[in-house]
Amino acid sequence: MIKATFGKHPQPFVLVFLMAVALTAGCSSGKKNWGGSGAGGGFKPVVVVKDDLQITVLATGNVQPHNQLNIKPPISGRIEKIMIKEGDYVKKGQTLVQLSSTERATLLDAARSQGPDALAHWEQLYQTSPLLSPENGQIVYLPTVPGQIVSQSDNIMVMSDHLIVNTQVDETDLAQIHMGQDAEITLDAYPDQPVEGKVQRISYQSTLVNNVTTYEVDVWPTKMPPFMRSGMTANVVFTVSEKDNILLIPSEAIQTQSGQSVVLKAGATPKDKPQTVTIQTGLTDGKQTEVVAGLAEGDKILIKTFSAGQLSATGAGTNPFAPSRPTPRNGGGGGGR
């Protein structure tokens, strides 16, 4: 009878005993993990090292001509010979196409029916009209072929003076972009072949892209690679600032006390008590921070680690460098006297 009653309706003294066992186990687990990196939290040692640090801004864009010219023939007629091919770089005044006017084309067709001598006579007497390049640049589109009949309104080829990468930079990053700034271009089609470039234009007019205010920034490749094509998608990394061989520590190790940056420096041996050291910081990318003074290469600093329970119980203004205060067990909430 007693055993059956215990299974359905536990007695009060049994519940109290089980709760006491659970509380004791929880306290023991917390003490065991407090000094390590387990669930109870602790301190993680980090060595101060020398390395390079680079601050960058990332933007996306497309390859496009800086200036684009649609080239039209000076006369209506027939294309007799094309002197260049798509992708060629040409100079101003260079002959691109030889054209026959409508009258010449008609005359030559009539002479051709009379034999090769008559054709040669009229070809020598009536010369073709050359189409000259208006500027230095690259032929990026050439849809015409010899023998094609064209009018003065037809675009027979497209020319660009220089391919650039037009990017959209968020307004929050615009202050870090300036003329002549170094940038690295990575094309989606050739991710393993980055191209060096420089900022050549920063737009004065903003553009709204997906409800984000952006500004156009044009980047010119320092040396035009042969594989770059108009319309390609590109990622551009702008170099804001960089330093080589400097002391670096994780930014999370730095705290602020009385307006100064401080870190917790480990003792020479595990038995030595850690000390709070004031440091002077420099360049930072958010994850790593340069140490200008206060630490030396090889020094060890401590970073506080937290368990999930400590993070939920810690107040917003708690200093992680300070030791945790034990929670009273008497249920009272009295303050200090």
# chains A, B, ... in the order shown; residues from 1 in each chain; ligands from 1

$ select_by_dssp --residues "segment 186-256 of chain A" --states "strand (DSSP E or B)" --output "VMD selection string"
chain A and resid 186 to 187 190 to 209 212 to 221 233 to 250 255 to 256

$ closest_atom_pairs --of "segment 28-123 of chain A" --to "segment 244-261 of chain A" --cutoff "10 Å" --atoms "only C-alpha atoms" --output "CSV"
residue,atom,partner,partner_atom,distance
A:Lys44,CA,A:Ala253,CA,9.8
A:Pro45,CA,A:Ala253,CA,10.0
A:Val46,CA,A:Ile249,CA,7.9
A:Val47,CA,A:Ile249,CA,7.8
A:Val48,CA,A:Ile249,CA,5.8
A:Val49,CA,A:Leu247,CA,5.6
A:Lys50,CA,A:Leu247,CA,4.4
A:Asp51,CA,A:Asn245,CA,4.7
A:Asp52,CA,A:Asp244,CA,4.2
A:Leu53,CA,A:Asp244,CA,6.4
A:Gln54,CA,A:Asp244,CA,8.4

$ residues_around --residues "segment 64-70 of chain A" --least-positions-apart "3" --cutoff "7 Å" --atoms "only C-alpha atoms" --output "list in words"
Asn155, Met157, Val158, Met159, Ser160, Asp161, His162, Leu163, Ile164, Val165, Asn166, Ser230 and Gly231 of chain A

$ write_last_selection --atoms "C-alpha atoms" --output "mmCIF file, in the first residue's frame"
data_model
loop_
_atom_site.group_PDB
_atom_site.id
_atom_site.type_symbol
_atom_site.label_atom_id
_atom_site.label_comp_id
_atom_site.auth_asym_id
_atom_site.auth_seq_id
_atom_site.Cartn_x
_atom_site.Cartn_y
_atom_site.Cartn_z
ATOM 1 C CA ASN A 155 25.658 51.283 -86.459
ATOM 2 C CA MET A 157 30.515 48.786 -85.006
ATOM 3 C CA VAL A 158 30.884 49.904 -81.392
ATOM 4 C CA MET A 159 34.069 51.344 -79.939
ATOM 5 C CA SER A 160 35.082 52.039 -76.332
ATOM 6 C CA ASP A 161 37.994 54.129 -75.193
ATOM 7 C CA HIS A 162 38.689 52.271 -71.936
ATOM 8 C CA LEU A 163 36.947 49.525 -69.949
ATOM 9 C CA ILE A 164 36.234 50.419 -66.341
ATOM 10 C CA VAL A 165 34.413 48.858 -63.395
ATOM 11 C CA ASN A 166 31.393 50.849 -62.287
ATOM 12 C CA SER A 230 32.203 44.556 -71.118
ATOM 13 C CA GLY A 231 29.243 43.444 -68.970
#

$ atom_distance --atom1 "atom CA of Ala59 of chain A" --atom2 "atom CA of Ile185 of chain A"
9.8 Å

$ residues_around --residues "Val219 of chain A" --least-positions-apart "5" --cutoff "10 Å" --atoms "only C-alpha atoms" --output "PyMOL selection string"
chain A and resi 61+63+163-167+179-185+196-202+236+238

$ write_last_selection --atoms "C-alpha atoms" --output "JSON list (two decimals), in the first residue's frame"
[["chain", "number", "residue", "atom", "x", "y", "z"],
["A", 61, "GLY", "CA", 29.84, 46.39, -59.93],
["A", 63, "VAL", "CA", 32.60, 46.15, -66.38],
["A", 163, "LEU", "CA", 36.95, 49.52, -69.95],
["A", 164, "ILE", "CA", 36.23, 50.42, -66.34],
["A", 165, "VAL", "CA", 34.41, 48.86, -63.40],
["A", 166, "ASN", "CA", 31.39, 50.85, -62.29],
["A", 167, "THR", "CA", 30.57, 50.05, -58.64],
["A", 179, "MET", "CA", 40.36, 59.75, -55.82],
["A", 180, "GLY", "CA", 43.41, 57.73, -56.80],
["A", 181, "GLN", "CA", 42.77, 55.15, -54.10],
["A", 182, "ASP", "CA", 44.09, 51.63, -54.71],
["A", 183, "ALA", "CA", 41.55, 48.90, -55.39],
["A", 184, "GLU", "CA", 41.58, 45.23, -56.34],
["A", 185, "ILE", "CA", 39.16, 43.98, -58.99],
["A", 196, "GLU", "CA", 44.84, 46.12, -59.79],
["A", 197, "GLY", "CA", 42.98, 49.38, -60.25],
["A", 198, "LYS", "CA", 42.54, 52.94, -59.02],
["A", 199, "VAL", "CA", 39.52, 55.13, -58.24],
["A", 200, "GLN", "CA", 39.01, 57.64, -61.08],
["A", 201, "ARG", "CA", 35.51, 58.99, -60.42],
["A", 202, "ILE", "CA", 33.20, 59.43, -57.43],
["A", 236, "VAL", "CA", 36.02, 45.48, -55.89],
["A", 238, "PHE", "CA", 39.04, 49.33, -51.81]]

$ residues_around --residues "Ile55 of chain A" --least-positions-apart "6" --cutoff "7 Å" --atoms "only C-alpha atoms" --output "ChimeraX atom specification"
/A:239-242,285

$ write_last_selection --atoms "C-alpha atoms" --output "PDB file, in the first residue's frame"
ATOM      1  CA  THR A 239      42.092  49.601 -49.566  1.00  0.00           C
ATOM      2  CA  VAL A 240      41.309  52.190 -46.872  1.00  0.00           C
ATOM      3  CA  SER A 241      44.471  51.805 -44.780  1.00  0.00           C
ATOM      4  CA  GLU A 242      47.061  49.150 -44.060  1.00  0.00           C
ATOM      5  CA  ASP A 285      39.155  46.310 -38.442  1.00  0.00           C
TER       6      ASP A 285
END
